[in-house]
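Here's start-v8.txt, which has compact mmCIF, C-alpha atoms:
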```txt
# COMPACT_ATOMS: atom_id res chain seq x y z
CA MET A 22 57.87 152.19 25.37
CA ARG A 23 55.66 151.90 28.42
CA SER A 24 58.69 152.02 30.67
CA LEU A 25 59.60 155.32 29.04
CA ALA A 26 56.19 156.67 29.95
CA GLU A 27 56.78 155.48 33.51
CA ALA A 28 60.18 157.12 33.67
CA ALA A 29 58.79 160.40 32.34
CA PRO A 30 57.71 161.81 35.75
CA VAL A 31 61.22 161.19 37.12
CA PHE A 32 62.83 162.99 34.20
CA ALA A 33 60.22 165.74 34.41
CA ALA A 34 61.11 166.17 38.07
CA LEU A 35 64.79 166.42 37.14
CA GLY A 36 64.15 168.65 34.15
CA ASP A 37 64.59 171.89 36.06
CA GLU A 38 67.78 173.73 36.84
CA THR A 39 66.95 174.46 40.48
CA ARG A 40 65.83 170.90 41.15
CA LEU A 41 68.94 169.46 39.50
CA ALA A 42 71.05 171.78 41.65
CA VAL A 43 69.22 170.54 44.76
CA ILE A 44 69.83 166.90 43.80
CA ALA A 45 73.49 167.65 43.09
CA ARG A 46 73.92 169.25 46.52
CA LEU A 47 72.18 166.37 48.32
CA CYS A 48 74.50 164.01 46.42
CA THR A 49 77.70 165.74 47.44
CA GLU A 50 76.77 167.17 50.86
CA GLY A 51 74.36 164.54 52.19
CA PRO A 52 71.12 165.39 54.06
CA LEU A 53 70.47 169.14 54.33
CA SER A 54 67.92 171.43 55.93
CA ILE A 55 65.75 173.80 53.91
CA ALA A 56 67.75 176.70 55.37
CA ARG A 57 71.03 175.24 54.12
CA LEU A 58 69.55 174.32 50.75
CA SER A 59 68.15 177.81 50.28
CA GLN A 60 71.51 179.45 51.02
CA GLY A 61 73.04 180.64 47.81
CA ALA A 62 69.98 179.60 45.80
CA ALA A 63 68.62 182.11 43.34
CA VAL A 64 65.06 181.42 44.49
CA SER A 65 63.14 181.82 47.74
CA ARG A 66 62.95 179.28 50.53
CA GLN A 67 59.29 178.66 49.64
CA ALA A 68 60.27 177.93 46.05
CA VAL A 69 62.98 175.51 47.16
CA THR A 70 60.41 173.74 49.37
CA LYS A 71 58.07 173.41 46.42
CA HIS A 72 60.83 171.95 44.27
CA LEU A 73 61.69 169.47 47.02
CA GLU A 74 58.07 168.38 47.18
CA THR A 75 58.06 167.79 43.42
CA LEU A 76 61.19 165.65 43.79
CA ALA A 77 59.59 163.77 46.68
CA GLN A 78 56.54 162.99 44.57
CA ALA A 79 58.81 161.40 41.97
CA GLY A 80 60.35 159.33 44.78
CA LEU A 81 63.77 160.94 44.46
CA VAL A 82 64.06 162.57 47.89
CA ARG A 83 62.39 162.30 51.26
CA ASP A 84 62.22 164.46 54.34
CA ALA A 85 62.62 163.82 58.04
CA ARG A 86 61.96 166.02 61.03
CA LEU A 87 64.95 166.83 63.16
CA GLY A 88 63.64 168.89 66.04
CA ARG A 89 62.05 171.91 64.43
CA GLU A 90 63.95 171.46 61.21
CA ARG A 91 62.95 169.56 58.14
CA ILE A 92 65.92 167.64 56.73
CA TRP A 93 65.93 166.48 53.12
CA GLN A 94 67.87 163.59 51.69
CA LEU A 95 68.16 161.50 48.56
CA GLU A 96 66.02 158.39 48.43
CA PRO A 97 68.13 155.74 46.70
CA ARG A 98 66.52 152.98 48.75
CA ARG A 99 63.30 152.98 46.77
CA LEU A 100 65.22 152.21 43.63
CA GLU A 101 67.39 149.77 45.50
CA VAL A 102 64.32 147.87 46.68
CA ALA A 103 63.10 147.58 43.08
CA ARG A 104 66.53 146.45 41.96
CA ARG A 105 66.83 143.85 44.71
CA GLU A 106 63.35 142.52 44.04
CA LEU A 107 64.19 142.19 40.35
CA ASP A 108 67.39 140.32 41.25
CA ARG A 109 65.34 137.93 43.33
CA ILE A 110 62.96 137.22 40.44
CA SER A 111 65.94 136.87 38.14
CA THR A 112 67.39 134.20 40.45
CA GLN A 113 64.03 132.41 40.48
CA TRP A 114 64.11 132.33 36.68
CA ASP A 115 67.63 130.85 36.75
CA ALA A 116 66.44 128.08 39.03
CA ALA A 117 63.30 127.46 36.95
CA LEU A 118 65.31 127.26 33.73
CA ASP A 119 67.78 124.84 35.36
CA ARG A 120 64.81 122.62 36.20
CA LEU A 121 63.46 122.97 32.64
CA LYS A 122 66.87 122.00 31.26
CA ALA A 123 67.03 118.89 33.42
CA PHE A 124 63.42 118.09 32.51
CA VAL A 125 63.74 118.27 28.70
CA GLU A 126 67.27 116.84 28.49
CA GLU A 127 66.42 113.83 30.63
CA GLU A 128 64.94 111.82 27.75
CA SER A 129 66.94 113.29 24.87
CA MET B 4 65.51 143.90 21.59
CA PRO B 5 63.94 147.28 22.27
CA ALA B 6 66.74 149.61 23.26
CA ALA B 7 64.31 151.90 25.08
CA SER B 8 63.57 149.55 27.96
CA SER B 9 65.15 150.41 31.30
CA THR B 10 67.34 148.05 33.31
CA THR B 11 64.67 147.76 35.97
CA ASP B 12 61.86 146.99 33.54
CA ARG B 13 62.87 143.59 32.24
CA ILE B 14 64.60 140.33 32.94
CA GLU B 15 66.02 138.41 30.01
CA LYS B 16 67.43 134.89 30.06
CA LYS B 17 68.88 132.77 27.29
CA VAL B 18 69.58 129.08 27.64
CA THR B 19 70.66 126.33 25.25
CA LEU B 20 68.79 123.10 25.84
CA ARG B 21 70.10 119.76 24.61
CA ALA B 22 66.70 118.73 23.34
CA PRO B 23 64.88 119.13 20.02
CA ARG B 24 62.45 121.99 19.58
CA PRO B 25 59.23 119.90 19.71
CA ARG B 26 60.34 118.49 23.08
CA VAL B 27 61.04 121.93 24.52
CA TRP B 28 57.76 123.24 23.12
CA ARG B 29 55.82 120.52 24.90
CA ALA B 30 57.51 121.45 28.19
CA LEU B 31 56.20 125.00 27.73
CA ALA B 32 52.80 124.68 26.09
CA ASP B 33 51.52 121.66 27.98
CA SER B 34 50.32 123.12 31.27
CA GLY B 35 51.07 119.88 33.13
CA GLU B 36 54.65 119.72 31.84
CA PHE B 37 55.12 123.45 32.41
CA GLY B 38 54.07 122.90 36.01
CA THR B 39 56.69 120.21 36.70
CA TRP B 40 59.64 122.57 36.19
CA PHE B 41 57.96 125.87 37.08
CA GLN B 42 56.63 124.32 40.30
CA ILE B 43 52.97 125.10 39.80
CA ARG B 44 49.94 122.84 39.43
CA PHE B 45 47.43 123.61 36.69
CA ASP B 46 44.25 121.60 36.34
CA GLU B 47 43.41 122.92 32.88
CA PRO B 48 45.27 123.36 29.60
CA PHE B 49 46.76 126.59 28.28
CA VAL B 50 44.39 128.15 25.74
CA GLU B 51 45.11 131.41 23.94
CA GLY B 52 43.03 134.26 25.38
CA ARG B 53 42.06 132.24 28.44
CA ARG B 54 42.87 132.82 32.12
CA VAL B 55 44.27 129.71 33.74
CA LYS B 56 44.67 129.31 37.50
CA GLY B 57 47.43 127.28 39.07
CA ARG B 58 48.62 126.51 42.56
CA ILE B 59 52.25 127.44 43.28
CA LEU B 60 54.30 124.51 44.62
CA VAL B 61 57.42 126.49 45.50
CA PRO B 62 58.24 125.92 49.19
CA GLY B 63 57.08 128.92 51.19
CA TYR B 64 54.56 129.98 48.52
CA GLU B 65 52.14 127.07 48.70
CA HIS B 66 49.36 129.43 49.77
CA VAL B 67 49.61 131.29 46.45
CA THR B 68 47.28 130.78 43.52
CA ALA B 69 48.66 132.31 40.34
CA GLU B 70 46.62 133.28 37.33
CA PHE B 71 48.16 133.07 33.87
CA GLN B 72 46.48 135.13 31.20
CA ILE B 73 47.53 133.28 28.05
CA VAL B 74 48.44 135.87 25.43
CA ARG B 75 49.81 133.81 22.56
CA ILE B 76 50.51 130.21 21.61
CA GLN B 77 52.48 129.96 18.38
CA PRO B 78 53.47 126.26 18.15
CA GLU B 79 57.19 125.51 18.53
CA ASP B 80 57.97 129.18 18.16
CA TYR B 81 56.50 131.55 20.74
CA PHE B 82 54.52 131.34 23.97
CA ALA B 83 53.46 134.32 26.08
CA TYR B 84 51.37 134.98 29.16
CA ARG B 85 50.71 137.81 31.59
CA TRP B 86 50.60 137.56 35.35
CA HIS B 87 50.98 139.49 38.59
CA PRO B 88 54.60 138.97 39.62
CA TYR B 89 54.39 140.09 43.26
CA ALA B 90 50.95 138.74 44.03
CA VAL B 91 51.81 136.74 47.13
CA ASP B 92 49.27 138.13 49.56
CA MET B 93 46.14 136.08 48.93
CA LYS B 94 43.97 138.44 50.97
CA LYS B 95 44.55 141.14 48.35
CA ASP B 96 42.80 141.56 45.02
CA TYR B 97 45.43 142.22 42.37
CA SER B 98 43.13 142.09 39.36
CA ALA B 99 43.19 145.85 38.78
CA GLU B 100 46.98 146.09 38.98
CA PRO B 101 49.36 146.04 36.03
CA THR B 102 50.81 142.68 34.98
CA THR B 103 54.17 141.66 33.58
CA LEU B 104 54.48 139.90 30.22
CA VAL B 105 56.41 136.62 30.14
CA GLU B 106 57.60 135.55 26.69
CA PHE B 107 59.32 132.35 25.58
CA ARG B 108 61.01 132.22 22.17
CA LEU B 109 62.39 129.03 20.67
CA GLU B 110 65.11 128.79 18.03
CA PRO B 111 66.52 125.53 16.71
CA ALA B 112 70.30 125.15 16.84
CA GLY B 113 71.10 121.83 15.21
CA LYS B 114 69.80 119.15 17.55
CA GLU B 115 69.57 121.69 20.32
CA THR B 116 67.17 124.51 21.10
CA VAL B 117 67.93 128.03 22.16
CA LEU B 118 65.29 129.35 24.53
CA THR B 119 64.93 133.03 25.34
CA VAL B 120 62.75 134.12 28.24
CA VAL B 121 61.82 137.76 28.75
CA GLU B 122 59.72 139.06 31.62
CA SER B 123 58.96 142.75 31.14
CA GLY B 124 56.75 145.48 32.52
CA PHE B 125 58.24 145.73 36.03
CA ASP B 126 58.49 149.50 35.80
CA ARG B 127 54.70 149.72 35.68
CA ILE B 128 54.31 147.87 38.97
CA PRO B 129 54.14 150.44 41.78
CA LEU B 130 57.32 150.59 43.82
CA ASP B 131 55.27 150.29 46.99
CA ARG B 132 53.96 146.94 45.81
CA ARG B 133 57.46 145.71 45.09
CA ALA B 134 58.73 146.98 48.41
CA GLU B 135 55.85 145.21 50.13
CA ALA B 136 56.56 141.91 48.38
CA PHE B 137 60.18 142.30 49.37
CA ARG B 138 59.27 142.97 53.00
CA MET B 139 56.96 139.98 53.08
CA ASN B 140 59.74 137.78 51.76
CA ASP B 141 62.27 139.28 54.05
CA GLY B 142 59.89 138.83 56.97
CA GLY B 143 59.54 135.17 56.03
CA TRP B 144 63.26 134.68 56.21
CA THR B 145 63.60 136.57 59.47
CA GLU B 146 61.00 134.19 60.91
CA GLN B 147 62.87 131.14 59.56
CA VAL B 148 66.15 132.30 61.03
CA LYS B 149 64.41 132.77 64.39
CA ASN B 150 63.03 129.24 64.11
CA ILE B 151 66.49 127.86 63.46
CA ALA B 152 67.93 129.85 66.35
CA ARG B 153 65.19 128.52 68.64
CA TYR B 154 65.86 124.99 67.43
CA VAL B 155 69.62 125.01 67.91
CA GLU B 156 69.44 126.83 71.21
CA ALA B 157 66.97 124.33 72.60
CA SER B 158 69.22 121.36 71.88
```
What would the structure in this file look like if it were written as structure tokens?
Amino acid sequence: MRSLAEAAPVFAALGDETRLAVIARLCTEGPLSIARLSQGAAVSRQAVTKHLETLAQAGLVRDARLGRERIWQLEPRRLEVARRELDRISTQWDAALDRLKAFVEEES
Amino acid sequence: MPAASSTTDRIEKKVTLRAPRPRVWRALADSGEFGTWFQIRFDEPFVEGRRVKGRILVPGYEHVTAEFQIVRIQPEDYFAYRWHPYAVDMKKDYSAEPTTLVEFRLEPAGKETVLTVVESGFDRIPLDRRAEAFRMNDGGWTEQVKNIARYVEAS
């Protein structure tokens, strides 16, 4: 249940129509500037910026400066890092359990 | 199994051991025996509610002292402890950070024993900490590869 509590901020960040639309566009169109993201949006540029900052706080997007423009993109790497680290620990467990198996079966 | 847990929160392993349950139990609950296969050296026994320090013997991690917080010892049935899974930087104090829970469950299967290991609580560990542990590891390997390159190029 604790993991649910941890996931809550991510879902909260996604639980908004404008923010979901932003994520969807970054998914399909790749990195975009605020200007591009605001085009066709029902809300102001300032509002879009605020939504992007909320998403950034949840670790879902990040920004980079490109000249005078601020470019936003999805941040799958943070999750990937967690995933990879978990895989590494998982492999360590496999090795440890192989050693345990050899250890207890030796005398049986 | 709690259906609510995320795929990044837990690791679960199941293994059938060709050994009777009391034998497997000893390999878990006796800190010395635990150390031989887990590659850690404990100088004191596991006692429920106690914190037990051990020195990691895994190559590359010999500088690491791990602390097991023994949660539960239920003879031949269940053994659980908490620890800091990414605590590899000995200059840092991890005591205030969240821990993961490691649980061992034993079930007899004829002359054999089915052991289930679950390590959970990873989602509570800050991503930055995990990324850092990953970088440190990665850095270690980058260094090793450089060493090898230096070695082969010199000969």
Counting all atoms listed in the file, which residues in chain B sit no more than 6 Å from chain A? For each one, give the nearest pair of atoms and the distance in Å, sorted by chain then residue number, as a tab-separated table.
```
residue	atom	partner	partner_atom	distance
B:Leu20	CA	A:Lys122	CA	5.9
B:Arg21	CA	A:Glu126	CA	5.6
B:Ala22	CA	A:Glu126	CA	5.5
B:Trp40	CA	A:Arg120	CA	5.2
B:Phe41	CA	A:Ala117	CA	5.6
B:Asp126	CA	A:Ser24	CA	5.7
B:Ala134	CA	A:Val102	CA	5.9
```
Region 83-91 of chain A surroundings by all atoms listed in the file, 9 Å radius, close-in-sequence under 4 positions cut, as a VMD selection string: chain A and resid 52 to 56 73 to 74 76 to 78 95 to 96
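In this structure, CA of Tyr81 (chain B) sits 7.3 Å away from CA of Glu106 (chain B).
Going from CA of Thr39 (chain B) over to CA of Val27 (chain B), you cover 13.0 Å.
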Long-range neighbours of region 37-46 of chain A as a ChimeraX atom specification, 10 Å cut-off, only C-alpha atoms, 6 positions minimum in chain: /A:52-53,58-59,62-64,68-69,71-73,75-76,81-82,93-95
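Of note, CA of Val121 (chain B) and CA of Lys95 (chain B) are spaced 26.3 Å apart.
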Protein, DNA and RNA residues within 8 Å of (49.9, 129.3, 22.4), all atoms listed in the file, as a PDB file with C-alpha atoms, in the frame of the given file:
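Result saved to part_19.pdb:
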```pdb
ATOM      1  CA  ALA B  32      52.800 124.680  26.090  1.00  0.00           C
ATOM      2  CA  PHE B  49      46.760 126.590  28.280  1.00  0.00           C
ATOM      3  CA  VAL B  50      44.390 128.150  25.740  1.00  0.00           C
ATOM      4  CA  GLU B  51      45.110 131.410  23.940  1.00  0.00           C
ATOM      5  CA  ILE B  73      47.530 133.280  28.050  1.00  0.00           C
ATOM      6  CA  VAL B  74      48.440 135.870  25.430  1.00  0.00           C
ATOM      7  CA  ARG B  75      49.810 133.810  22.560  1.00  0.00           C
ATOM      8  CA  ILE B  76      50.510 130.210  21.610  1.00  0.00           C
ATOM      9  CA  GLN B  77      52.480 129.960  18.380  1.00  0.00           C
ATOM     10  CA  PRO B  78      53.470 126.260  18.150  1.00  0.00           C
ATOM     11  CA  TYR B  81      56.500 131.550  20.740  1.00  0.00           C
ATOM     12  CA  PHE B  82      54.520 131.340  23.970  1.00  0.00           C
ATOM     13  CA  ALA B  83      53.460 134.320  26.080  1.00  0.00           C
TER      14      ALA B  83
END
```
Excluding region 68-72 of chain B and any residue of its chain fewer than 3 positions from it, enumerate the residues within 9 Å of it, using only C-alpha atoms, and give them as number ranges by chain. B: 43, 49, 51-59, 64-65, 83-88, 90-91, 93
Which residue out of B:Ile128, B:Val117, B:Leu109, B:Val61 has the minimum interatomic distance to Trp28 (chain B) when all atoms listed in the file are used? B:Leu109
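Between Ala34 (chain A) and the residues A:Ala79, A:Gly61, A:Arg66, A:Thr49, the shortest atom-to-atom distance, using all atoms listed in the file, involves A:Ala79.
Around the point (65.3, 137.8, 25.8), within 6 Å and counting all atoms listed in the file, we find these residues: Glu15, Lys16, Thr119, Val120 and Val121 of chain B.
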